[in-house]
Amino acid sequence: MSNQAAVQRLNNTNDLAIFLKTYPENTRKEYQRDIKEFTDYIGLHDITTLKNGEIEILDKDVRMYKNYLLEKFKPNTVRRNISTLRSFFKYLKTNKYNVNYEIFTTERIKANPNSYGLITLEQMKQMAILAKEELHHADELEICILVLAQTSRRISSVLNIDYNDIYTSEDEYLIKMMDKGEEIYQVPIDSILFNKILSIKKSNGKVFRNLNPAKVRRAIQKFAKLMNLPKNIRYTTHSFRQTAIHYELKTSGNIVAAMEQTGHRSAQTFIDHYTHMTVDHNSRAGIRMMRDVSEKNIEQLSKEELIKLLKEKAPSAYQEILINI
């Protein structure tokens with residue numbers, strides 16, 4: 001490494017530290033996390049080691065990143081995040097870095113609760129098979145898809161998994177994962193996936209060394225196209241967050257178990273985001289108790305009374321019954 005490069009890297013480190021130092025400690029940590037998440041997303045894993053000319057950020061990168069954030073956070077949170085990045089890159093610009101801070105705009109940031117589609121269990125399995133046929137980093141991509149689906153965790157948490165985070169405890173296979181809010185979760189996986197992860201291990205460190213959120217997202221969109229999934233639905237890494245939830249709600253209807261799968265603490269947040277997928281609202285107690293009463297009343301009617309009721313209150317239904325008898 002040349003002395004000039006060393007000085008440049010030192011300056012980068014100091015510039016980031018000086019920018020953050022102007023803020024209170026809690027804000028500083030939040031801003032540092034925002035900057036790191038963005039640079040990880042576009043593949044600049046350590047901005048402090050980059051030389052000036054290596055920082056190239058396009059408008060489309062920022063637009064895609066906004067969409068990525070809106071899959072996880074409310075608009076206000078996304079606006080705050082983008083404002084942080086704008087301030088940071090404006091600071092770099094004033095210090096002679098060749099960056100365009102003006103592309104970090106907060107205009108038109110709106111949430112769309114149905115902005116991404118569900119990937120079912122069978123679709124997920126098919127995508128994992130397609131991933132194995134990729135030319136580059138096929139094993140990592142297949143395993144990443146399986147981990148996303150089995151853990152129902154965000155892509156940032158999955159890509160941050162280290163081999164030291166994977167372990168067994170009695171008959172369980174677990175991954176230690178950091179999710180939103182920097183909370184640590186012990187998330188179970190099955191033995192097959194556990195062994196798949198170990199099978200690609202070449203050394204200690206990150207499991208997914210060659211992937212970033214943008215690469216995984218592009219692969220998912222490619223697979224969705226190959227599978228002829230609906231073109232009007234957007235499939236993203238967050239779509240896999242719904243896979244196991246959909247399976248749980250469809251097979252058992254157990255909302256508590258589905259909540260545990262996601263790690264959500266708030267029942268209302270979970271219901272707002274996920275239960276619209278499969279829950280039959282007619283099964284709610286308030287509706288069922290009235291329906292049960294109504295059905296008991298019907299059972300007490302005679303044949304003649306029931307025919308008369310149908311003729312008076314639902315003549316079209318009465319005619320349909322006569323046609324189909």
# chains A, B, ... in the order shown; residues from 1 in each chain; ligands from 1
>>> closest_atom_pairs(of="region 29-134 of chain A", to="region 177-200 of chain A", cutoff="12 Å", atoms="only C-alpha atoms", output="Markdown table")
| residue | atom | partner | partner_atom | distance |
| --- | --- | --- | --- | --- |
| A:Lys29 | CA | A:Glu182 | CA | 11.3 |
| A:Glu30 | CA | A:Gly181 | CA | 10.0 |
| A:Arg33 | CA | A:Glu182 | CA | 10.1 |
| A:Asp34 | CA | A:Lys180 | CA | 12.0 |
| A:Glu37 | CA | A:Lys180 | CA | 11.7 |
| A:Lys72 | CA | A:Lys180 | CA | 9.3 |
| A:Phe73 | CA | A:Lys180 | CA | 10.0 |
| A:Ala128 | CA | A:Leu193 | CA | 11.9 |
>>> select_by_dssp(residues="region 69-213 of chain A", states="strand (DSSP E)", output="NGL selection string")
:A and (166-169 or 172-179 or 183-189)
>>> write_last_selection(atoms="N, CA, C and O atoms", output="short mmCIF file (atom, residue, chain, number, x, y, z; two decimals), in the first residue's frame")
data_model
loop_
_atom_site.label_atom_id
_atom_site.label_comp_id
_atom_site.auth_asym_id
_atom_site.auth_seq_id
_atom_site.Cartn_x
_atom_site.Cartn_y
_atom_site.Cartn_z
N ILE A 166 -23.53 -19.68 14.51
CA ILE A 166 -24.27 -20.91 14.21
C ILE A 166 -23.82 -22.01 15.17
O ILE A 166 -22.63 -22.29 15.28
N TYR A 167 -24.79 -22.62 15.86
CA TYR A 167 -24.41 -23.62 16.87
C TYR A 167 -25.56 -24.58 17.13
O TYR A 167 -26.69 -24.38 16.66
N THR A 168 -25.26 -25.64 17.87
CA THR A 168 -26.29 -26.61 18.27
C THR A 168 -26.47 -26.55 19.78
O THR A 168 -25.53 -26.24 20.52
N SER A 169 -27.67 -26.85 20.22
CA SER A 169 -27.97 -26.92 21.65
C SER A 169 -28.95 -28.06 21.86
O SER A 169 -30.11 -27.98 21.46
N GLU A 172 -31.41 -28.98 19.07
CA GLU A 172 -31.77 -27.81 18.27
C GLU A 172 -30.58 -27.28 17.48
O GLU A 172 -29.44 -27.38 17.91
N TYR A 173 -30.89 -26.69 16.32
CA TYR A 173 -29.89 -26.04 15.48
C TYR A 173 -30.27 -24.56 15.42
O TYR A 173 -31.38 -24.22 15.01
N LEU A 174 -29.35 -23.71 15.86
CA LEU A 174 -29.71 -22.31 16.09
C LEU A 174 -28.74 -21.35 15.41
O LEU A 174 -27.57 -21.66 15.19
N ILE A 175 -29.28 -20.15 15.08
CA ILE A 175 -28.45 -19.05 14.58
C ILE A 175 -28.70 -17.85 15.48
O ILE A 175 -29.84 -17.49 15.76
N LYS A 176 -27.63 -17.25 15.94
CA LYS A 176 -27.74 -16.01 16.71
C LYS A 176 -27.80 -14.86 15.72
O LYS A 176 -26.86 -14.65 14.94
N MET A 177 -28.90 -14.13 15.72
CA MET A 177 -29.12 -13.08 14.71
C MET A 177 -29.48 -11.76 15.38
O MET A 177 -30.25 -11.73 16.35
N MET A 178 -28.93 -10.67 14.84
CA MET A 178 -29.28 -9.34 15.31
C MET A 178 -30.31 -8.75 14.37
O MET A 178 -30.07 -8.64 13.17
N ASP A 179 -31.45 -8.37 14.91
CA ASP A 179 -32.51 -7.81 14.08
C ASP A 179 -32.66 -6.33 14.38
O ASP A 179 -31.84 -5.73 15.09
N GLU A 183 -31.45 -5.99 18.61
CA GLU A 183 -31.79 -7.05 19.55
C GLU A 183 -31.27 -8.37 19.02
O GLU A 183 -31.32 -8.65 17.83
N ILE A 184 -30.78 -9.22 19.94
CA ILE A 184 -30.23 -10.52 19.57
C ILE A 184 -31.31 -11.59 19.74
O ILE A 184 -31.98 -11.66 20.77
N TYR A 185 -31.49 -12.42 18.72
CA TYR A 185 -32.46 -13.52 18.76
C TYR A 185 -31.73 -14.83 18.51
O TYR A 185 -30.79 -14.90 17.73
N GLN A 186 -32.19 -15.90 19.17
CA GLN A 186 -31.72 -17.25 18.89
C GLN A 186 -32.78 -17.88 17.98
O GLN A 186 -33.87 -18.22 18.44
N VAL A 187 -32.46 -18.02 16.70
CA VAL A 187 -33.46 -18.43 15.71
C VAL A 187 -33.18 -19.86 15.26
O VAL A 187 -32.06 -20.17 14.83
N PRO A 188 -34.19 -20.76 15.35
CA PRO A 188 -33.96 -22.16 14.95
C PRO A 188 -34.01 -22.38 13.44
O PRO A 188 -34.74 -21.69 12.73
N ILE A 189 -33.21 -23.33 12.98
CA ILE A 189 -33.27 -23.81 11.60
C ILE A 189 -33.27 -25.33 11.65
O ILE A 189 -33.02 -25.92 12.71
#
>>> residues_around(residues="Asn81 (chain A)", least_positions_apart="2", cutoff="12 Å", atoms="only C-alpha atoms", output="PyMOL selection string")
chain A and resi 27+30-38+62+65-66+68-70+73-79+83-88+104-106+109
>>> residues_around(residues="Asn160 (chain A)", least_positions_apart="3", cutoff="12 Å", atoms="only C-alpha atoms", output="PyMOL selection string")
chain A and resi 37+40-41+45+144+147+153-157+163-166+175-179+182+205-213
>>> write_last_selection(atoms="N, CA and C atoms", output="mmCIF file, in the first residue's frame")
data_model
loop_
_atom_site.group_PDB
_atom_site.id
_atom_site.type_symbol
_atom_site.label_atom_id
_atom_site.label_comp_id
_atom_site.auth_asym_id
_atom_site.auth_seq_id
_atom_site.Cartn_x
_atom_site.Cartn_y
_atom_site.Cartn_z
ATOM 1 N N GLU A 37 -25.494 0.794 6.817
ATOM 2 C CA GLU A 37 -26.496 -0.009 6.114
ATOM 3 C C GLU A 37 -26.558 0.373 4.638
ATOM 4 N N ASP A 40 -23.305 -0.842 2.870
ATOM 5 C CA ASP A 40 -23.379 -2.299 2.707
ATOM 6 C C ASP A 40 -24.315 -2.662 1.561
ATOM 7 N N TYR A 41 -25.427 -1.940 1.477
ATOM 8 C CA TYR A 41 -26.442 -2.227 0.462
ATOM 9 C C TYR A 41 -25.874 -2.066 -0.953
ATOM 10 N N HIS A 45 -18.527 -2.019 1.529
ATOM 11 C CA HIS A 45 -18.644 -2.606 2.871
ATOM 12 C C HIS A 45 -17.872 -1.847 3.943
ATOM 13 N N CYS A 144 -28.847 -18.640 1.269
ATOM 14 C CA CYS A 144 -29.420 -17.364 1.704
ATOM 15 C C CYS A 144 -30.941 -17.387 1.594
ATOM 16 N N VAL A 147 -32.342 -19.587 4.346
ATOM 17 C CA VAL A 147 -32.253 -18.931 5.661
ATOM 18 C C VAL A 147 -33.304 -17.833 5.768
ATOM 19 N N ARG A 153 -36.335 -13.515 8.891
ATOM 20 C CA ARG A 153 -35.611 -12.321 9.305
ATOM 21 C C ARG A 153 -35.244 -11.467 8.094
ATOM 22 N N ARG A 154 -34.891 -10.225 8.354
ATOM 23 C CA ARG A 154 -34.571 -9.276 7.299
ATOM 24 C C ARG A 154 -33.247 -9.629 6.633
ATOM 25 N N ILE A 155 -33.088 -9.172 5.384
ATOM 26 C CA ILE A 155 -31.888 -9.487 4.615
ATOM 27 C C ILE A 155 -30.637 -8.960 5.301
ATOM 28 N N SER A 156 -30.714 -7.799 5.942
ATOM 29 C CA SER A 156 -29.544 -7.239 6.623
ATOM 30 C C SER A 156 -29.085 -8.155 7.757
ATOM 31 N N SER A 157 -30.040 -8.763 8.467
ATOM 32 C CA SER A 157 -29.700 -9.697 9.550
ATOM 33 C C SER A 157 -29.077 -10.968 8.999
ATOM 34 N N TYR A 163 -20.029 -17.386 11.043
ATOM 35 C CA TYR A 163 -20.003 -18.808 11.389
ATOM 36 C C TYR A 163 -20.020 -19.030 12.897
ATOM 37 N N ASN A 164 -19.512 -18.068 13.646
ATOM 38 C CA ASN A 164 -19.549 -18.177 15.112
ATOM 39 C C ASN A 164 -20.964 -18.037 15.669
ATOM 40 N N ASP A 165 -21.889 -17.554 14.834
ATOM 41 C CA ASP A 165 -23.280 -17.372 15.270
ATOM 42 C C ASP A 165 -24.115 -18.645 15.121
ATOM 43 N N ILE A 166 -23.531 -19.683 14.507
ATOM 44 C CA ILE A 166 -24.273 -20.912 14.209
ATOM 45 C C ILE A 166 -23.822 -22.008 15.166
ATOM 46 N N ILE A 175 -29.276 -20.153 15.080
ATOM 47 C CA ILE A 175 -28.452 -19.054 14.581
ATOM 48 C C ILE A 175 -28.698 -17.852 15.484
ATOM 49 N N LYS A 176 -27.625 -17.246 15.938
ATOM 50 C CA LYS A 176 -27.740 -16.007 16.709
ATOM 51 C C LYS A 176 -27.799 -14.856 15.715
ATOM 52 N N MET A 177 -28.903 -14.125 15.717
ATOM 53 C CA MET A 177 -29.120 -13.076 14.714
ATOM 54 C C MET A 177 -29.480 -11.759 15.385
ATOM 55 N N MET A 178 -28.926 -10.672 14.838
ATOM 56 C CA MET A 178 -29.275 -9.336 15.311
ATOM 57 C C MET A 178 -30.306 -8.749 14.367
ATOM 58 N N ASP A 179 -31.450 -8.374 14.910
ATOM 59 C CA ASP A 179 -32.512 -7.811 14.083
ATOM 60 C C ASP A 179 -32.656 -6.330 14.379
ATOM 61 N N GLU A 182 -31.160 -3.718 17.078
ATOM 62 C CA GLU A 182 -29.958 -4.375 17.580
ATOM 63 C C GLU A 182 -30.265 -5.392 18.675
ATOM 64 N N GLY A 205 -15.602 -16.346 9.800
ATOM 65 C CA GLY A 205 -16.041 -15.041 9.287
ATOM 66 C C GLY A 205 -17.458 -15.112 8.764
ATOM 67 N N LYS A 206 -17.820 -14.201 7.874
ATOM 68 C CA LYS A 206 -19.172 -14.115 7.354
ATOM 69 C C LYS A 206 -19.516 -15.336 6.497
ATOM 70 N N VAL A 207 -20.767 -15.794 6.623
ATOM 71 C CA VAL A 207 -21.236 -16.922 5.812
ATOM 72 C C VAL A 207 -21.412 -16.476 4.357
ATOM 73 N N PHE A 208 -22.031 -15.311 4.172
ATOM 74 C CA PHE A 208 -22.355 -14.835 2.827
ATOM 75 C C PHE A 208 -21.362 -13.743 2.412
ATOM 76 N N ARG A 209 -20.152 -14.149 2.108
ATOM 77 C CA ARG A 209 -19.069 -13.213 1.811
ATOM 78 C C ARG A 209 -19.285 -12.491 0.480
ATOM 79 N N ASN A 210 -19.966 -13.133 -0.431
ATOM 80 C CA ASN A 210 -20.051 -12.626 -1.805
ATOM 81 C C ASN A 210 -21.412 -12.039 -2.166
ATOM 82 N N LEU A 211 -22.287 -11.889 -1.173
ATOM 83 C CA LEU A 211 -23.630 -11.379 -1.448
ATOM 84 C C LEU A 211 -23.843 -10.032 -0.788
ATOM 85 N N ASN A 212 -24.731 -9.246 -1.363
ATOM 86 C CA ASN A 212 -25.233 -8.024 -0.737
ATOM 87 C C ASN A 212 -26.720 -7.925 -1.052
ATOM 88 N N PRO A 213 -27.471 -7.051 -0.380
ATOM 89 C CA PRO A 213 -28.928 -7.001 -0.607
ATOM 90 C C PRO A 213 -29.333 -6.818 -2.062
#
>>> closest_residue(among="A:Leu226, A:Leu141, A:Leu121, A:Ile220", to="Ile245 (chain A)", atoms="only C-alpha atoms")
A:Leu121
>>> closest_residue(among="A:Thr120, A:Ile233, A:Gly43, A:Ile103", to="Arg63 (chain A)", atoms="only C-alpha atoms")
A:Ile103
>>> closest_residue(among="A:Asn100, A:Asn67, A:Asn26, A:Thr39", to="Thr236 (chain A)", atoms="only C-alpha atoms")
A:Asn67
>>> atom_distance(atom1="CA of Leu135 (chain A)", atom2="CA of Ala214 (chain A)")
17.0 Å
>>> atom_distance(atom1="CA of Glu107 (chain A)", atom2="CA of Lys215 (chain A)")
26.2 Å
>>> select_by_dssp(residues="region 12-250 of chain A", states="helix (DSSP H, G or I)", output="MDAnalysis selection string")
chainID A and resid 12:21 25:41 47:49 52:54 59:70 75:94 101:103 121:132 138:151 155:159 163:165 180:182 191:199 213:226 237:250
>>> decode(residues="region 132-286 of chain A", atoms="C-alpha atoms", output="PDB file, in the first residue's frame")
ATOM      1  CA  LYS A 132     -28.219 -23.677  -7.444  1.00  0.00           C
ATOM      2  CA  GLU A 133     -28.014 -23.237 -11.225  1.00  0.00           C
ATOM      3  CA  GLU A 134     -26.490 -19.756 -11.045  1.00  0.00           C
ATOM      4  CA  LEU A 135     -22.972 -19.295 -12.413  1.00  0.00           C
ATOM      5  CA  HIS A 136     -21.668 -17.194  -9.526  1.00  0.00           C
ATOM      6  CA  HIS A 137     -21.938 -17.949  -5.804  1.00  0.00           C
ATOM      7  CA  ALA A 138     -24.765 -20.437  -6.360  1.00  0.00           C
ATOM      8  CA  ASP A 139     -24.311 -22.202  -2.999  1.00  0.00           C
ATOM      9  CA  GLU A 140     -24.393 -18.948  -1.046  1.00  0.00           C
ATOM     10  CA  LEU A 141     -27.485 -17.749  -2.908  1.00  0.00           C
ATOM     11  CA  GLU A 142     -29.382 -21.016  -2.373  1.00  0.00           C
ATOM     12  CA  ILE A 143     -28.563 -21.054   1.338  1.00  0.00           C
ATOM     13  CA  CYS A 144     -29.420 -17.364   1.704  1.00  0.00           C
ATOM     14  CA  ILE A 145     -32.910 -18.008   0.281  1.00  0.00           C
ATOM     15  CA  LEU A 146     -33.421 -20.950   2.645  1.00  0.00           C
ATOM     16  CA  VAL A 147     -32.253 -18.931   5.661  1.00  0.00           C
ATOM     17  CA  LEU A 148     -34.509 -15.999   4.724  1.00  0.00           C
ATOM     18  CA  ALA A 149     -37.509 -18.328   4.511  1.00  0.00           C
ATOM     19  CA  GLN A 150     -36.805 -20.460   7.584  1.00  0.00           C
ATOM     20  CA  THR A 151     -35.915 -17.593   9.920  1.00  0.00           C
ATOM     21  CA  SER A 152     -38.314 -14.889   8.587  1.00  0.00           C
ATOM     22  CA  ARG A 153     -35.611 -12.321   9.305  1.00  0.00           C
ATOM     23  CA  ARG A 154     -34.571  -9.276   7.299  1.00  0.00           C
ATOM     24  CA  ILE A 155     -31.888  -9.487   4.615  1.00  0.00           C
ATOM     25  CA  SER A 156     -29.544  -7.239   6.623  1.00  0.00           C
ATOM     26  CA  SER A 157     -29.700  -9.697   9.550  1.00  0.00           C
ATOM     27  CA  VAL A 158     -29.164 -12.728   7.320  1.00  0.00           C
ATOM     28  CA  LEU A 159     -26.184 -11.301   5.441  1.00  0.00           C
ATOM     29  CA  ASN A 160     -24.582 -10.371   8.748  1.00  0.00           C
ATOM     30  CA  ILE A 161     -24.463 -13.996   9.982  1.00  0.00           C
ATOM     31  CA  ASP A 162     -21.022 -15.159  11.076  1.00  0.00           C
ATOM     32  CA  TYR A 163     -20.003 -18.808  11.389  1.00  0.00           C
ATOM     33  CA  ASN A 164     -19.549 -18.177  15.112  1.00  0.00           C
ATOM     34  CA  ASP A 165     -23.280 -17.372  15.270  1.00  0.00           C
ATOM     35  CA  ILE A 166     -24.273 -20.912  14.209  1.00  0.00           C
ATOM     36  CA  TYR A 167     -24.410 -23.618  16.869  1.00  0.00           C
ATOM     37  CA  THR A 168     -26.289 -26.611  18.272  1.00  0.00           C
ATOM     38  CA  SER A 169     -27.975 -26.918  21.649  1.00  0.00           C
ATOM     39  CA  GLU A 170     -29.216 -30.394  22.578  1.00  0.00           C
ATOM     40  CA  ASP A 171     -31.458 -31.346  19.630  1.00  0.00           C
ATOM     41  CA  GLU A 172     -31.775 -27.806  18.274  1.00  0.00           C
ATOM     42  CA  TYR A 173     -29.890 -26.038  15.476  1.00  0.00           C
ATOM     43  CA  LEU A 174     -29.707 -22.309  16.087  1.00  0.00           C
ATOM     44  CA  ILE A 175     -28.452 -19.054  14.581  1.00  0.00           C
ATOM     45  CA  LYS A 176     -27.740 -16.007  16.709  1.00  0.00           C
ATOM     46  CA  MET A 177     -29.120 -13.076  14.714  1.00  0.00           C
ATOM     47  CA  MET A 178     -29.275  -9.336  15.311  1.00  0.00           C
ATOM     48  CA  ASP A 179     -32.512  -7.811  14.083  1.00  0.00           C
ATOM     49  CA  LYS A 180     -33.973  -4.306  14.014  1.00  0.00           C
ATOM     50  CA  GLY A 181     -33.185  -2.356  17.172  1.00  0.00           C
ATOM     51  CA  GLU A 182     -29.958  -4.375  17.580  1.00  0.00           C
ATOM     52  CA  GLU A 183     -31.793  -7.047  19.547  1.00  0.00           C
ATOM     53  CA  ILE A 184     -30.231 -10.523  19.566  1.00  0.00           C
ATOM     54  CA  TYR A 185     -32.457 -13.517  18.761  1.00  0.00           C
ATOM     55  CA  GLN A 186     -31.722 -17.250  18.886  1.00  0.00           C
ATOM     56  CA  VAL A 187     -33.461 -18.433  15.715  1.00  0.00           C
ATOM     57  CA  PRO A 188     -33.964 -22.158  14.954  1.00  0.00           C
ATOM     58  CA  ILE A 189     -33.267 -23.811  11.597  1.00  0.00           C
ATOM     59  CA  ASP A 190     -33.498 -27.453  10.541  1.00  0.00           C
ATOM     60  CA  SER A 191     -30.542 -29.859  10.517  1.00  0.00           C
ATOM     61  CA  ILE A 192     -30.407 -30.000   6.699  1.00  0.00           C
ATOM     62  CA  LEU A 193     -29.917 -26.236   6.415  1.00  0.00           C
ATOM     63  CA  PHE A 194     -27.446 -26.286   9.308  1.00  0.00           C
ATOM     64  CA  ASN A 195     -25.284 -28.825   7.452  1.00  0.00           C
ATOM     65  CA  LYS A 196     -25.635 -26.926   4.158  1.00  0.00           C
ATOM     66  CA  ILE A 197     -24.221 -23.809   5.818  1.00  0.00           C
ATOM     67  CA  LEU A 198     -21.271 -25.742   7.241  1.00  0.00           C
ATOM     68  CA  SER A 199     -20.634 -27.409   3.874  1.00  0.00           C
ATOM     69  CA  ILE A 200     -19.627 -24.080   2.252  1.00  0.00           C
ATOM     70  CA  LYS A 201     -17.385 -22.987   5.114  1.00  0.00           C
ATOM     71  CA  LYS A 202     -13.849 -22.237   3.969  1.00  0.00           C
ATOM     72  CA  SER A 203     -12.740 -20.169   6.945  1.00  0.00           C
ATOM     73  CA  ASN A 204     -14.209 -18.288   9.894  1.00  0.00           C
ATOM     74  CA  GLY A 205     -16.041 -15.041   9.287  1.00  0.00           C
ATOM     75  CA  LYS A 206     -19.172 -14.115   7.354  1.00  0.00           C
ATOM     76  CA  VAL A 207     -21.236 -16.922   5.812  1.00  0.00           C
ATOM     77  CA  PHE A 208     -22.355 -14.835   2.827  1.00  0.00           C
ATOM     78  CA  ARG A 209     -19.069 -13.213   1.811  1.00  0.00           C
ATOM     79  CA  ASN A 210     -20.051 -12.626  -1.805  1.00  0.00           C
ATOM     80  CA  LEU A 211     -23.630 -11.379  -1.448  1.00  0.00           C
ATOM     81  CA  ASN A 212     -25.233  -8.024  -0.737  1.00  0.00           C
ATOM     82  CA  PRO A 213     -28.928  -7.001  -0.607  1.00  0.00           C
ATOM     83  CA  ALA A 214     -28.948  -5.717  -4.193  1.00  0.00           C
ATOM     84  CA  LYS A 215     -27.478  -8.973  -5.580  1.00  0.00           C
ATOM     85  CA  VAL A 216     -30.020 -11.102  -3.738  1.00  0.00           C
ATOM     86  CA  ARG A 217     -32.902  -8.853  -4.807  1.00  0.00           C
ATOM     87  CA  ARG A 218     -31.868  -9.014  -8.464  1.00  0.00           C
ATOM     88  CA  ALA A 219     -31.662 -12.817  -8.279  1.00  0.00           C
ATOM     89  CA  ILE A 220     -35.158 -13.047  -6.751  1.00  0.00           C
ATOM     90  CA  GLN A 221     -36.623 -10.866  -9.497  1.00  0.00           C
ATOM     91  CA  LYS A 222     -34.867 -12.995 -12.123  1.00  0.00           C
ATOM     92  CA  PHE A 223     -36.248 -16.213 -10.601  1.00  0.00           C
ATOM     93  CA  ALA A 224     -39.761 -14.731 -10.355  1.00  0.00           C
ATOM     94  CA  LYS A 225     -39.610 -13.995 -14.086  1.00  0.00           C
ATOM     95  CA  LEU A 226     -38.360 -17.523 -14.898  1.00  0.00           C
ATOM     96  CA  MET A 227     -41.198 -18.977 -12.794  1.00  0.00           C
ATOM     97  CA  ASN A 228     -43.792 -16.822 -14.615  1.00  0.00           C
ATOM     98  CA  LEU A 229     -44.981 -15.234 -11.379  1.00  0.00           C
ATOM     99  CA  PRO A 230     -47.388 -12.288 -11.837  1.00  0.00           C
ATOM    100  CA  LYS A 231     -45.582  -9.311 -13.387  1.00  0.00           C
ATOM    101  CA  ASN A 232     -47.673  -6.759 -11.515  1.00  0.00           C
ATOM    102  CA  ILE A 233     -46.372  -8.004  -8.156  1.00  0.00           C
ATOM    103  CA  ARG A 234     -42.936  -7.030  -6.858  1.00  0.00           C
ATOM    104  CA  TYR A 235     -40.942  -9.820  -5.235  1.00  0.00           C
ATOM    105  CA  THR A 236     -38.147  -8.856  -2.855  1.00  0.00           C
ATOM    106  CA  THR A 237     -36.073 -10.318  -0.034  1.00  0.00           C
ATOM    107  CA  HIS A 238     -38.869  -9.252   2.320  1.00  0.00           C
ATOM    108  CA  SER A 239     -41.256 -11.583   0.457  1.00  0.00           C
ATOM    109  CA  PHE A 240     -39.520 -14.528   2.153  1.00  0.00           C
ATOM    110  CA  ARG A 241     -40.395 -12.995   5.531  1.00  0.00           C
ATOM    111  CA  GLN A 242     -43.970 -13.981   4.759  1.00  0.00           C
ATOM    112  CA  THR A 243     -43.298 -17.564   3.625  1.00  0.00           C
ATOM    113  CA  ALA A 244     -43.294 -19.325   7.006  1.00  0.00           C
ATOM    114  CA  ILE A 245     -45.943 -16.955   8.384  1.00  0.00           C
ATOM    115  CA  HIS A 246     -48.264 -17.834   5.505  1.00  0.00           C
ATOM    116  CA  TYR A 247     -47.594 -21.546   6.107  1.00  0.00           C
ATOM    117  CA  GLU A 248     -48.331 -21.241   9.855  1.00  0.00           C
ATOM    118  CA  LEU A 249     -51.538 -19.291   9.388  1.00  0.00           C
ATOM    119  CA  LYS A 250     -52.727 -21.559   6.591  1.00  0.00           C
ATOM    120  CA  THR A 251     -52.007 -24.850   8.379  1.00  0.00           C
ATOM    121  CA  SER A 252     -52.773 -23.989  12.003  1.00  0.00           C
ATOM    122  CA  GLY A 253     -54.229 -20.471  12.123  1.00  0.00           C
ATOM    123  CA  ASN A 254     -52.076 -19.904  15.208  1.00  0.00           C
ATOM    124  CA  ILE A 255     -51.317 -16.177  15.283  1.00  0.00           C
ATOM    125  CA  VAL A 256     -49.136 -16.478  18.409  1.00  0.00           C
ATOM    126  CA  ALA A 257     -46.889 -19.062  16.717  1.00  0.00           C
ATOM    127  CA  ALA A 258     -46.726 -16.887  13.585  1.00  0.00           C
ATOM    128  CA  MET A 259     -45.717 -13.874  15.707  1.00  0.00           C
ATOM    129  CA  GLU A 260     -42.933 -15.905  17.326  1.00  0.00           C
ATOM    130  CA  GLN A 261     -41.680 -16.798  13.852  1.00  0.00           C
ATOM    131  CA  THR A 262     -41.182 -13.114  12.943  1.00  0.00           C
ATOM    132  CA  GLY A 263     -39.874 -11.919  16.297  1.00  0.00           C
ATOM    133  CA  HIS A 264     -42.537  -9.199  16.447  1.00  0.00           C
ATOM    134  CA  ARG A 265     -43.293  -8.043  19.978  1.00  0.00           C
ATOM    135  CA  SER A 266     -46.351  -6.016  19.004  1.00  0.00           C
ATOM    136  CA  ALA A 267     -49.446  -8.041  18.125  1.00  0.00           C
ATOM    137  CA  GLN A 268     -50.966  -5.040  16.344  1.00  0.00           C
ATOM    138  CA  THR A 269     -47.869  -4.551  14.163  1.00  0.00           C
ATOM    139  CA  PHE A 270     -47.955  -8.220  13.221  1.00  0.00           C
ATOM    140  CA  ILE A 271     -51.674  -8.144  12.426  1.00  0.00           C
ATOM    141  CA  ASP A 272     -51.303  -4.958  10.350  1.00  0.00           C
ATOM    142  CA  HIS A 273     -48.466  -6.397   8.275  1.00  0.00           C
ATOM    143  CA  TYR A 274     -49.225 -10.081   7.873  1.00  0.00           C
ATOM    144  CA  THR A 275     -52.617 -11.465   8.859  1.00  0.00           C
ATOM    145  CA  HIS A 276     -54.375 -10.017   5.802  1.00  0.00           C
ATOM    146  CA  MET A 277     -52.705 -12.834   3.831  1.00  0.00           C
ATOM    147  CA  THR A 278     -54.749 -15.778   5.064  1.00  0.00           C
ATOM    148  CA  VAL A 279     -56.869 -15.031   8.094  1.00  0.00           C
ATOM    149  CA  ASP A 280     -60.618 -15.456   7.573  1.00  0.00           C
ATOM    150  CA  HIS A 281     -62.148 -12.476   9.359  1.00  0.00           C
ATOM    151  CA  ASN A 282     -65.509 -14.281   9.467  1.00  0.00           C
ATOM    152  CA  SER A 283     -63.942 -16.647  12.012  1.00  0.00           C
ATOM    153  CA  ARG A 284     -63.570 -13.907  14.620  1.00  0.00           C
ATOM    154  CA  ALA A 285     -65.427 -14.554  17.845  1.00  0.00           C
ATOM    155  CA  GLY A 286     -67.670 -11.501  17.553  1.00  0.00           C
TER     156      GLY A 286
END
